[in-house]
$ cat data.txt   # compact mmCIF, C-alpha atoms
# COMPACT_ATOMS: atom_id res chain seq x y z
CA MET A 1 74.88 26.02 39.83
CA SER A 2 71.24 25.97 38.84
CA ALA A 3 69.29 28.36 36.70
CA GLY A 4 65.90 27.89 35.05
CA THR A 5 64.04 24.64 34.63
CA ALA A 6 64.09 21.93 31.99
CA ALA A 7 61.42 19.45 30.94
CA GLY A 8 59.91 17.67 33.93
CA GLY A 9 60.26 20.71 36.21
CA ARG A 10 63.75 19.77 37.40
CA PRO A 11 66.35 22.52 37.87
CA ARG A 12 68.65 23.01 34.91
CA ARG A 13 72.39 23.09 35.49
CA PHE A 14 73.98 25.78 33.36
CA PRO A 15 76.29 25.61 31.50
CA LEU A 16 77.17 21.94 32.13
CA GLU A 17 73.87 20.51 30.89
CA THR A 18 74.03 22.67 27.76
CA TRP A 19 77.57 21.44 27.06
CA TYR A 20 76.48 17.82 27.44
CA GLU A 21 73.52 18.36 25.11
CA LEU A 22 75.90 19.90 22.60
CA LEU A 23 78.32 16.95 22.82
CA LEU A 24 75.41 14.56 22.51
CA ARG A 25 74.91 15.83 18.97
CA ALA A 26 77.70 13.38 18.03
CA TYR A 27 75.03 10.66 18.36
CA PRO A 28 72.41 9.90 15.66
CA ALA A 29 69.16 11.85 16.02
CA GLY A 30 67.16 8.67 16.70
CA TYR A 31 69.49 7.71 19.55
CA ARG A 32 69.27 11.21 21.07
CA GLU A 33 65.49 11.12 20.97
CA ALA A 34 65.36 7.68 22.59
CA HIS A 35 68.13 7.96 25.20
CA GLY A 36 69.49 11.53 25.18
CA ALA A 37 67.73 12.63 28.38
CA GLU A 38 68.85 9.49 30.20
CA VAL A 39 72.49 9.88 29.10
CA VAL A 40 72.55 13.55 30.14
CA GLY A 41 71.04 12.58 33.51
CA THR A 42 73.80 9.99 34.04
CA LEU A 43 76.44 12.52 32.99
CA LEU A 44 75.14 15.04 35.52
CA GLU A 45 75.09 12.41 38.28
CA ALA A 46 78.64 11.32 37.41
CA SER A 47 79.88 14.92 37.28
CA GLY A 48 79.12 15.71 40.90
CA PRO A 49 78.21 19.14 42.29
CA GLY A 50 80.11 22.29 41.40
CA ARG A 51 81.34 21.25 37.98
CA ARG A 52 80.61 23.81 35.29
CA LEU A 53 82.39 22.30 32.28
CA PRO A 54 82.54 18.67 31.09
CA SER A 55 85.77 16.81 31.75
CA LEU A 56 88.04 15.89 28.86
CA ARG A 57 87.46 12.20 29.61
CA GLU A 58 83.64 12.46 29.44
CA SER A 59 83.82 14.68 26.34
CA ALA A 60 86.08 12.18 24.54
CA GLY A 61 83.83 9.30 25.68
CA LEU A 62 80.76 11.03 24.21
CA LEU A 63 82.48 11.80 20.90
CA VAL A 64 83.75 8.23 20.54
CA GLY A 65 80.39 6.84 21.71
CA GLY A 66 78.53 9.00 19.17
CA PHE A 67 80.82 7.91 16.34
CA THR A 68 80.38 4.27 17.37
CA ALA A 69 76.58 4.60 17.55
CA ARG A 70 76.50 6.15 14.07
CA ALA A 71 78.72 3.43 12.56
CA ARG A 72 76.68 0.65 14.16
CA ARG A 73 73.40 2.18 13.01
CA VAL A 74 74.70 2.18 9.42
CA ALA A 75 75.93 -1.41 9.68
CA ASP A 76 72.62 -2.54 11.21
CA GLY A 77 70.64 -1.02 8.32
CA PRO A 78 68.68 -3.20 5.86
CA THR A 79 70.98 -2.59 2.86
CA PRO A 80 73.54 -5.38 2.25
CA TRP A 81 77.08 -4.28 3.14
CA TRP A 82 78.42 -4.60 -0.42
CA ALA A 83 75.61 -2.50 -1.92
CA ASP A 84 76.03 0.17 0.76
CA GLY A 85 79.84 0.16 0.29
CA LEU A 86 79.49 0.32 -3.50
CA HIS A 87 77.02 3.18 -3.17
CA LEU A 88 79.40 5.10 -0.88
CA GLY A 89 82.34 4.42 -3.23
CA VAL A 90 80.59 5.67 -6.39
CA PHE A 91 79.09 8.59 -4.46
CA THR A 92 82.56 9.77 -3.33
CA LEU A 93 83.77 9.49 -6.94
CA ALA A 94 80.82 11.64 -8.04
CA VAL A 95 81.58 14.20 -5.29
CA ILE A 96 85.27 14.47 -6.22
CA ASN A 97 84.32 14.70 -9.91
CA LEU A 98 82.07 17.64 -9.08
CA ALA A 99 84.85 19.29 -7.04
CA TYR A 100 87.22 19.04 -9.99
CA ALA A 101 84.53 20.16 -12.42
CA ILE A 102 84.15 23.29 -10.28
CA THR A 103 87.89 23.97 -10.09
CA GLY A 104 88.20 23.39 -13.83
CA PHE A 105 90.84 20.70 -13.56
CA THR A 106 90.93 17.85 -16.04
CA GLY A 107 94.34 16.26 -16.24
CA ALA A 108 97.67 16.29 -17.98
CA GLY A 109 97.13 16.56 -21.72
CA ASP A 110 93.34 16.71 -21.41
CA ALA A 111 91.14 19.62 -22.30
CA TRP A 112 87.83 21.32 -21.83
CA VAL A 113 85.79 21.98 -24.90
CA ALA A 114 83.81 25.21 -24.84
CA SER A 115 81.84 25.92 -21.63
CA ARG A 116 81.99 23.79 -18.51
CA ALA A 117 78.48 24.80 -17.45
CA GLY A 118 76.73 21.69 -18.81
CA TRP A 119 79.30 19.36 -17.25
CA VAL A 120 79.12 21.13 -13.87
CA ALA A 121 75.30 21.04 -13.96
CA GLY A 122 75.31 17.32 -14.82
CA SER A 123 77.88 16.64 -12.08
CA VAL A 124 75.72 18.51 -9.53
CA LEU A 125 72.68 16.50 -10.59
CA LEU A 126 74.58 13.21 -10.32
CA VAL A 127 75.78 14.06 -6.81
CA LEU A 128 72.24 14.98 -5.74
CA VAL A 129 70.56 11.82 -7.07
CA LEU A 130 73.23 9.56 -5.56
CA LEU A 131 73.06 11.51 -2.29
CA ARG A 132 69.34 10.74 -2.10
CA GLY A 133 70.00 7.07 -2.98
CA TRP A 134 68.10 7.27 -6.30
CA VAL A 135 70.04 4.86 -8.44
CA TRP A 136 67.96 4.71 -11.65
CA PRO A 137 68.05 8.48 -12.41
CA ALA A 138 71.84 8.24 -12.02
CA VAL A 139 72.20 5.65 -14.83
CA PRO A 140 71.77 8.04 -17.84
CA LEU A 141 73.99 10.62 -16.13
CA VAL A 142 76.91 8.22 -15.54
CA LEU A 143 76.59 6.72 -19.04
CA ALA A 144 76.55 10.18 -20.63
CA GLY A 145 79.60 11.11 -18.55
CA ALA A 146 81.55 7.92 -19.32
CA PHE A 147 80.86 8.01 -23.06
CA GLY A 148 81.34 11.80 -23.10
CA VAL A 149 84.85 11.75 -21.63
CA SER A 150 85.75 8.70 -23.76
CA ARG A 151 84.45 10.02 -27.10
CA HIS A 152 87.86 10.88 -28.46
CA LEU A 153 89.51 7.58 -27.52
CA LEU A 154 86.52 5.33 -28.16
CA PHE A 155 85.08 6.84 -31.34
CA ASP A 156 88.01 8.89 -32.58
CA PHE A 157 85.94 12.05 -32.82
CA ASP A 158 87.87 15.12 -33.77
CA ALA A 159 87.34 16.40 -30.30
CA LEU A 160 88.17 20.04 -30.73
CA GLY A 161 86.34 20.31 -34.02
CA TRP A 162 83.24 18.53 -32.83
CA MET A 163 80.37 20.21 -31.05
CA PRO A 164 81.06 21.05 -27.40
CA ILE A 165 79.09 18.23 -25.88
CA TYR A 166 78.66 17.17 -22.29
CA ALA A 167 82.10 16.39 -20.80
CA PRO A 168 85.76 17.30 -21.05
CA ILE A 169 87.95 15.37 -23.48
CA TYR A 170 90.40 12.85 -22.10
CA SER A 171 93.27 11.71 -24.22
CA ASN A 172 94.54 8.86 -22.04
CA TRP A 173 92.88 5.68 -20.83
CA ALA A 174 93.91 6.09 -17.18
CA SER A 175 91.85 9.29 -16.89
CA LEU A 176 88.75 7.37 -17.95
CA THR A 177 88.98 4.90 -15.04
CA PRO A 178 86.85 6.85 -12.51
CA TYR A 179 84.06 7.47 -15.04
CA TRP A 180 83.76 3.84 -16.09
CA LEU A 181 84.08 2.67 -12.51
CA LEU A 182 81.31 5.10 -11.58
CA ALA A 183 79.16 3.89 -14.48
CA GLY A 184 79.79 0.20 -13.70
CA GLY A 185 79.03 0.71 -10.01
CA VAL A 186 75.79 2.62 -10.62
CA ILE A 187 74.60 0.05 -13.19
CA ALA A 188 75.38 -2.79 -10.75
CA LEU A 189 73.34 -1.01 -8.08
CA ALA A 190 70.48 -0.45 -10.52
CA VAL A 191 70.46 -4.14 -11.51
CA ARG A 192 70.48 -5.12 -7.83
CA SER A 193 67.60 -2.73 -7.18
CA SER A 194 65.55 -4.36 -9.98
CA LEU A 195 66.32 -7.88 -8.79
CA ALA A 196 65.42 -6.93 -5.21
CA ALA A 197 62.16 -5.35 -6.45
CA ARG A 198 61.27 -8.55 -8.33
CA SER A 199 62.10 -10.65 -5.28
CA SER A 200 60.01 -8.31 -3.14
CA SER A 201 57.01 -8.71 -5.48
CA ALA A 202 57.38 -12.50 -5.40
CA THR A 203 57.53 -12.43 -1.61
CA ARG A 204 54.43 -10.21 -1.46
CA ALA A 205 52.57 -12.55 -3.79
CA SER A 206 53.51 -15.66 -1.82
CA ALA A 207 53.14 -14.42 1.75
CA GLU A 208 51.42 -11.38 3.20
CA GLY A 209 53.62 -9.41 5.57
CA GLY A 210 56.95 -10.77 4.36
CA SER A 211 57.38 -7.95 1.88
CA SER A 212 58.29 -5.12 4.23
CA ALA A 213 61.80 -6.35 5.01
CA ALA A 214 62.56 -7.12 1.36
CA GLY A 215 61.21 -3.70 0.35
CA ALA A 216 63.34 -1.97 2.94
CA SER A 217 66.50 -3.75 1.77
CA ARG A 218 65.86 -2.77 -1.86
CA GLY A 219 66.52 0.96 -1.48
CA LEU A 220 69.80 2.70 -0.83
CA ARG A 221 69.98 5.00 2.14
CA ALA A 222 70.27 8.75 1.64
CA ARG A 223 73.70 10.21 2.41
CA SER A 224 74.30 13.20 4.63
CA TRP A 225 73.95 16.66 3.12
CA ARG A 226 77.27 17.43 4.83
CA TRP A 227 79.00 15.79 1.85
CA LEU A 228 78.13 18.93 -0.10
CA ALA A 229 80.74 20.75 1.99
CA ILE A 230 83.38 19.28 -0.36
CA PRO A 231 82.11 20.86 -3.61
CA VAL A 232 81.30 24.04 -1.66
CA ALA A 233 84.92 24.10 -0.43
CA ALA A 234 86.06 23.63 -4.04
CA LEU A 235 83.91 26.61 -5.00
CA VAL A 236 85.43 28.72 -2.21
CA PHE A 237 88.98 27.61 -3.09
CA THR A 238 88.36 28.51 -6.73
CA GLY A 239 86.78 31.83 -5.79
CA LEU A 240 89.74 32.76 -3.59
CA GLY A 241 92.22 31.63 -6.22
CA LEU A 242 93.56 28.89 -3.91
CA ALA A 243 92.77 26.06 -6.32
CA GLY A 244 95.51 27.41 -8.58
CA HIS A 245 95.93 26.85 -12.26
CA TRP A 246 93.73 23.90 -13.37
CA GLY A 247 92.60 23.41 -9.80
CA PHE A 248 96.04 22.27 -8.78
CA SER A 249 97.96 24.05 -6.04
CA SER A 250 99.75 23.02 -2.89
CA VAL A 251 96.91 24.41 -0.73
CA TRP A 252 94.26 22.47 -2.64
CA THR A 253 96.37 19.30 -2.75
CA LEU A 254 97.12 19.47 0.99
CA ALA A 255 93.45 20.08 1.81
CA ARG A 256 92.44 17.09 -0.30
CA ALA A 257 95.16 14.82 1.14
CA GLY A 258 94.19 15.84 4.70
CA LEU A 259 90.52 15.16 4.06
CA GLU A 260 91.26 11.80 2.43
CA GLY A 261 93.52 10.75 5.31
CA GLY A 262 90.93 11.84 7.89
CA LEU A 263 88.09 10.00 6.16
CA LEU A 264 90.18 6.84 5.74
CA LEU A 265 91.11 6.93 9.43
CA ALA A 266 87.44 7.35 10.31
CA GLY A 267 86.75 4.37 8.01
CA VAL A 268 89.25 2.24 9.95
CA GLY A 269 87.52 3.20 13.21
CA ALA A 270 84.03 2.56 11.82
CA THR A 271 85.12 -0.83 10.46
CA ALA A 272 86.51 -1.83 13.86
CA VAL A 273 83.48 -0.82 15.92
CA ALA A 274 80.70 -1.81 13.49
CA ARG A 275 82.41 -5.01 12.23
CA SER A 276 81.47 -4.33 8.62
CA PRO A 277 83.67 -4.28 5.49
CA ARG A 278 81.49 -1.69 3.70
CA TRP A 279 83.91 1.20 4.31
CA ALA A 280 86.89 -0.80 3.04
CA LEU A 281 85.01 -1.52 -0.22
CA ALA A 282 84.08 2.16 -0.60
CA ALA A 283 87.68 3.25 0.06
CA ALA A 284 89.04 0.74 -2.48
CA ILE A 285 86.61 2.06 -5.14
CA TYR A 286 87.58 5.62 -4.37
CA LEU A 287 91.35 5.00 -4.42
CA LEU A 288 91.47 2.71 -7.47
CA PRO A 289 91.28 5.43 -10.20
CA GLY A 290 93.97 7.51 -8.48
CA ALA A 291 96.17 4.44 -8.13
CA VAL A 292 95.74 3.68 -11.84
CA SER A 293 96.68 7.27 -12.70
CA ALA A 294 99.66 7.21 -10.36
CA ALA A 295 100.81 3.90 -11.81
CA GLY A 296 100.58 5.37 -15.29
CA HIS A 297 102.51 8.50 -14.23
CA LEU A 298 99.41 10.55 -14.81
CA SER A 299 98.80 11.36 -11.18
CA LEU A 300 96.76 14.38 -10.19
CA GLN A 301 99.09 14.75 -7.21
CA PRO A 302 102.56 16.31 -7.12
CA ARG A 303 105.18 13.86 -8.30
CA GLY A 304 108.39 12.89 -6.58
CA SER A 305 108.86 11.98 -2.92
CA LEU A 306 105.69 13.77 -1.76
CA ASP A 307 103.66 11.83 -4.30
CA THR A 308 105.18 8.56 -3.10
CA ILE A 309 104.48 9.40 0.56
CA TYR A 310 100.91 10.41 -0.32
CA TRP A 311 100.15 7.11 -2.06
CA ALA A 312 102.00 5.06 0.55
CA VAL A 313 99.90 6.60 3.36
CA LEU A 314 96.59 6.15 1.53
CA THR A 315 97.43 2.58 0.53
CA ALA A 316 98.54 1.74 4.08
CA LEU A 317 95.27 3.14 5.49
CA LEU A 318 93.27 1.09 2.99
CA ALA A 319 95.29 -2.03 3.89
CA VAL A 320 94.66 -1.43 7.61
CA MET A 321 90.95 -1.00 6.92
CA ALA A 322 90.81 -4.20 4.85
CA ALA A 323 92.75 -6.13 7.52
CA THR A 324 90.45 -4.78 10.24
CA ALA A 325 87.39 -5.81 8.21
CA TYR A 326 88.83 -9.30 7.70
CA ARG A 327 89.73 -9.75 11.37
CA VAL A 328 86.42 -8.55 12.79
CA ARG A 329 84.38 -10.65 10.32
CA ALA A 330 86.50 -13.72 11.07
CA ARG A 331 85.82 -13.21 14.80
CA THR A 332 82.04 -12.92 14.38
CA MET B 1 96.63 -27.00 27.57
CA VAL B 2 95.97 -23.93 29.72
CA ALA B 3 97.70 -21.79 27.11
CA ALA B 4 95.49 -23.30 24.40
CA MET B 5 92.36 -22.58 26.46
CA ILE B 6 93.44 -19.01 27.02
CA LYS B 7 94.07 -18.55 23.31
CA ARG B 8 90.74 -20.11 22.28
CA SER B 9 88.58 -17.99 24.58
CA PRO B 10 87.30 -14.76 23.02
CA LEU B 11 88.85 -11.82 24.84
CA MET B 12 86.52 -9.56 26.77
CA SER B 13 87.33 -5.87 27.20
CA GLU B 14 87.84 -4.55 30.72
CA PRO B 15 84.76 -2.25 30.64
CA THR B 16 82.59 -5.18 29.47
CA TYR B 17 83.95 -7.40 32.23
CA PHE B 18 83.34 -4.87 35.00
CA ILE B 19 79.88 -3.93 33.69
CA LEU B 20 78.79 -7.58 33.67
CA ALA B 21 80.40 -8.10 37.08
CA ALA B 22 78.54 -5.07 38.44
CA LEU B 23 75.22 -6.54 37.31
CA LEU B 24 75.78 -9.94 38.94
CA ASP B 25 74.11 -8.84 42.18
CA GLY B 26 71.01 -7.41 40.50
CA PRO B 27 69.72 -4.81 38.02
CA LEU B 28 71.35 -1.37 38.04
CA HIS B 29 70.86 1.89 36.11
CA GLY B 30 73.69 3.63 34.23
CA TYR B 31 75.19 5.61 37.12
CA GLY B 32 74.71 2.61 39.42
CA VAL B 33 76.89 0.53 37.08
CA ILE B 34 79.59 3.24 37.07
CA LYS B 35 79.65 3.38 40.89
CA ARG B 36 79.62 -0.39 41.34
CA ALA B 37 82.43 -0.93 38.79
CA GLU B 38 84.51 1.72 40.54
CA GLU B 39 83.93 0.12 43.95
CA GLN B 40 84.64 -3.40 42.75
CA SER B 41 87.90 -2.36 41.09
CA ASP B 42 89.08 -0.31 44.10
CA GLY B 43 88.71 2.90 42.09
CA ARG B 44 90.80 1.70 39.17
CA VAL B 45 87.96 1.41 36.60
CA ARG B 46 86.13 4.69 36.06
CA LEU B 47 83.79 4.25 33.12
CA ALA B 48 83.10 7.32 30.98
CA VAL B 49 79.37 7.68 30.35
CA GLY B 50 79.78 7.49 26.55
CA THR B 51 81.82 4.29 26.92
CA LEU B 52 79.27 2.84 29.34
CA TYR B 53 76.22 3.36 27.12
CA GLY B 54 78.10 2.15 24.02
CA ALA B 55 78.95 -1.06 25.88
CA LEU B 56 75.41 -1.40 27.28
CA ASP B 57 73.92 -1.05 23.78
CA ARG B 58 76.34 -3.64 22.37
CA MET B 59 75.70 -6.08 25.22
CA THR B 60 71.93 -5.64 24.86
CA GLY B 61 72.34 -6.49 21.15
CA ASN B 62 74.46 -9.53 22.03
CA GLY B 63 71.87 -10.78 24.51
CA GLN B 64 74.26 -10.54 27.48
CA ILE B 65 72.02 -8.04 29.27
CA VAL B 66 68.39 -6.89 28.94
CA VAL B 67 66.46 -3.84 30.08
CA ASP B 68 64.79 -4.92 33.33
CA ARG B 69 62.55 -1.86 33.81
CA GLU B 70 62.33 1.86 33.18
CA GLU B 71 61.71 4.58 35.73
CA THR B 72 61.49 8.35 35.68
CA VAL B 73 63.59 10.15 38.30
CA ASP B 74 63.66 13.97 38.52
CA GLY B 75 61.91 14.16 35.15
CA ARG B 76 64.51 11.98 33.43
CA PRO B 77 64.02 8.43 32.14
CA ARG B 78 66.27 5.80 33.64
CA ARG B 79 66.74 2.21 32.40
CA TYR B 80 67.73 -0.59 34.74
CA PHE B 81 69.81 -3.33 33.11
CA ARG B 82 69.79 -6.99 34.14
CA ILE B 83 72.37 -9.65 33.27
CA THR B 84 71.09 -12.67 31.30
CA ASP B 85 72.22 -16.29 31.59
CA GLU B 86 74.35 -15.71 28.51
CA GLY B 87 76.02 -12.70 30.10
CA ARG B 88 76.55 -14.58 33.36
CA HIS B 89 78.15 -17.44 31.42
CA ALA B 90 80.41 -15.05 29.45
CA VAL B 91 81.70 -13.19 32.53
CA THR B 92 82.22 -16.45 34.44
CA GLN B 93 84.18 -17.90 31.52
CA GLU B 94 86.30 -14.73 31.36
CA ALA B 95 86.96 -14.87 35.13
CA GLU B 96 88.09 -18.51 34.80
CA ARG B 97 90.30 -17.62 31.85
CA MET B 98 91.99 -14.85 33.82
CA GLU B 99 92.32 -17.09 36.86
CA GLN B 100 94.07 -19.74 34.77
CA ALA B 101 96.32 -17.13 33.21
CA ALA B 102 97.18 -15.72 36.64
CA ARG B 103 97.88 -19.18 38.02
CA ILE B 104 100.63 -19.74 35.42
CA VAL B 105 102.55 -16.93 37.11
CA THR B 106 101.47 -17.19 40.73
CA ARG B 107 102.19 -20.91 41.16
CA ARG B 108 105.81 -20.16 40.23
CA THR B 109 106.28 -16.94 42.12
CA MET B 110 104.13 -17.37 45.24
CA PRO B 111 106.13 -20.18 46.95
CA ARG B 112 109.30 -18.16 46.54
CA THR B 113 107.78 -15.14 48.22
CA GLY B 114 109.41 -14.72 51.55
CA THR B 115 112.19 -17.21 50.83
CA ALA B 116 114.06 -15.13 48.31
CA PRO B 117 117.22 -13.53 49.58
CA ALA B 118 116.95 -9.85 50.35

$ encode --input "data.txt" --output "structure tokens"
Amino acid sequence: MSAGTAAGGRPRRFPLETWYELLLRAYPAGYREAHGAEVVGTLLEASGPGRRLPSLRESAGLLVGGFTARARRVADGPTPWWADGLHLGVFTLAVINLAYAITGFTGAGDAWVASRAGWVAGSVLLVLVLLRGWVWPAVPLVLAGAFGVSRHLLFDFDALGWMPIYAPIYSNWASLTPYWLLAGGVIALAVRSSLAARSSSATRASAEGGSSAAGASRGLRARSWRWLAIPVAALVFTGLGLAGHWGFSSVWTLARAGLEGGLLLAGVGATAVARSPRWALAAAIYLLPGAVSAAGHLSLQPRGSLDTIYWAVLTALLAVMAATAYRVRART
Amino acid sequence: MVAAMIKRSPLMSEPTYFILAALLDGPLHGYGVIKRAEEQSDGRVRLAVGTLYGALDRMTGNGQIVVDREETVDGRPRRYFRITDEGRHAVTQEAERMEQAARIVTRRTMPRTGTAPA
């Protein structure tokens, strides 16, 4: 069925062509610009006359193809895999920290001092600078956060009597793990950025034209704004009272576990198709603080059999991702 | 020895095999590859368009195929893909590997065909 015309004066097939264009949004924008019209043309040829809706097979093929194209584009980028994986790992820690800052959750035996506003603002800022790939502005933020949450244990400040500075108070070492991991990761990325900048300058001085590739590999890529859906969801959960007392309820925990499982599964798929270990590194960084807490019986998750199943599933997914990364790298 | 050869050869996915096989007779565009693969497999292999272009992109990156030319048909761009020597070598090697693997079975079963008791 034809109605209207598209670019090039050809008849437009409604609603099939519109559906295909919608499904093509699974692909990166650059790919759509370069090959979108050609792919839609092939889809229309393969669909035959009379079809109004895309088949399940073609729809699934486009979704998988789009996911694959996105993963490969990331892996083909100029940033080394370990720096990109480290960036993704510390960024997810910053995002989950913001989500918990919004819900007001600290941990068993820990406490907020005075208002959370400064901590939430700092957490928002940290997420934004890491999202844009700006590593140096993140350094003072992660150091302030790490020393802030550690002030009672490191310096033995009388936490409740001291001024309400930037950060909640943690009274156990396991709770400090994500903040020091975040700080260590960001500092490592900043050092790498400086070394790469120096190397880039040396290359520019020695040979004209060789600097562009080194310059491109120095920066970290910006992350998708869609990541902000997680803190926004935390805000909605808190607003609706679904985050529960201290941001801890079955609804919130299930939502988090589902999201983590989904992202880890996507990581396994991306590792397999793009043949890069970056997602396994990021997942290991993200899961390490929780594993330390769980090992120290300070888990943020419900204890008992559900807690065991939760950690078993996440660990198994990480192991599958690491094994996939090892196998595909050994084959290439 | 045959078993060792089969194990050593990198496995090629079925879509990759039929895409390369479709291009052996000359350059084809996306839908041309889909039709040729379907014909050559007696209708068994029906490549989804997303799968096809993912494989074409990967094979272009691997150097197994190249873009031969581009045309515009009905206002839409259309790339024609051509198999390279590397792609021809890879698909030939895969065909030999499968032939060897098949022979392990057929040389035992074929002579008995027709002589086995009903």

$ interface_residues --input "data.txt" --of "chain B" --to "chain A" --cutoff "12 Å" --atoms "only C-alpha atoms" --output "PyMOL selection string"
chain B and resi 8-11+29-35+38+46-58+61-62+70-80

$ atom_distance --input "data.txt" --atom1 "atom CA of Glu94 of chain B" --atom2 "atom CA of Ala21 of chain B"
10.6 Å

$ residues_around --input "data.txt" --residues "Arg275 of chain A" --least-positions-apart "2" --cutoff "9 Å" --atoms "only C-alpha atoms" --output "list in words"
Arg72, Ala75, Ala270, Thr271, Ala272, Val273, Pro277, Thr324, Ala325, Tyr326, Arg327, Val328, Arg329 and Thr332 of chain A

$ write_last_selection --input "data.txt" --atoms "C-alpha atoms" --output "mmCIF file, in the frame of the given file"
data_model
loop_
_atom_site.group_PDB
_atom_site.id
_atom_site.type_symbol
_atom_site.label_atom_id
_atom_site.label_comp_id
_atom_site.auth_asym_id
_atom_site.auth_seq_id
_atom_site.Cartn_x
_atom_site.Cartn_y
_atom_site.Cartn_z
ATOM 1 C CA ARG A 72 76.680 0.650 14.160
ATOM 2 C CA ALA A 75 75.930 -1.410 9.680
ATOM 3 C CA ALA A 270 84.030 2.560 11.820
ATOM 4 C CA THR A 271 85.120 -0.830 10.460
ATOM 5 C CA ALA A 272 86.510 -1.830 13.860
ATOM 6 C CA VAL A 273 83.480 -0.820 15.920
ATOM 7 C CA PRO A 277 83.670 -4.280 5.490
ATOM 8 C CA THR A 324 90.450 -4.780 10.240
ATOM 9 C CA ALA A 325 87.390 -5.810 8.210
ATOM 10 C CA TYR A 326 88.830 -9.300 7.700
ATOM 11 C CA ARG A 327 89.730 -9.750 11.370
ATOM 12 C CA VAL A 328 86.420 -8.550 12.790
ATOM 13 C CA ARG A 329 84.380 -10.650 10.320
ATOM 14 C CA THR A 332 82.040 -12.920 14.380
#

$ residues_around --input "data.txt" --residues "His87 of chain A" --least-positions-apart "2" --cutoff "8 Å" --atoms "all atoms listed in the file" --output "list in words"
Ala83, Asp84, Gly85, Gly89, Val90, Phe91, Leu130, Gly185, Val186, Leu189, Leu220 and Ala282 of chain A

$ atom_distance --input "data.txt" --atom1 "atom CA of Ala266 of chain A" --atom2 "atom CA of Tyr310 of chain A"
17.4 Å

$ residues_around --input "data.txt" --residues "segment 145-150 of chain A" --least-positions-apart "6" --cutoff "7 Å" --atoms "all atoms listed in the file" --output "list in words"
Tyr166, Ala167, Pro168, Ile169, Tyr170, Leu176, Tyr179, Trp180 and Ala183 of chain A

$ atom_distance --input "data.txt" --atom1 "atom CA of Gly262 of chain A" --atom2 "atom CA of Thr16 of chain B"
28.7 Å

$ axis_aligned_box --input "data.txt" --around "segment 9-27 of chain B" --padding-each-side "8 Å" --output "lines of an AutoDock Vina configuration file"
center_x = 79.3
center_y = -10.1
center_z = 32.6
size_x = 35.1
size_y = 31.7
size_z = 35.2

$ residues_around --input "data.txt" --residues "His89 of chain B" --least-positions-apart "4" --cutoff "12 Å" --atoms "only C-alpha atoms" --output "short mmCIF file (atom, residue, chain, number, x, y, z; two decimals) with C-alpha atoms, in the coordinates of the input"
data_model
loop_
_atom_site.label_atom_id
_atom_site.label_comp_id
_atom_site.auth_asym_id
_atom_site.auth_seq_id
_atom_site.Cartn_x
_atom_site.Cartn_y
_atom_site.Cartn_z
CA TYR B 17 83.95 -7.40 32.23
CA LEU B 20 78.79 -7.58 33.67
CA ALA B 21 80.40 -8.10 37.08
CA LEU B 24 75.78 -9.94 38.94
CA GLY B 63 71.87 -10.78 24.51
CA GLN B 64 74.26 -10.54 27.48
CA ILE B 65 72.02 -8.04 29.27
CA ILE B 83 72.37 -9.65 33.27
CA THR B 84 71.09 -12.67 31.30
CA ASP B 85 72.22 -16.29 31.59
CA GLN B 93 84.18 -17.90 31.52
CA GLU B 94 86.30 -14.73 31.36
CA ALA B 95 86.96 -14.87 35.13
CA GLU B 96 88.09 -18.51 34.80
#
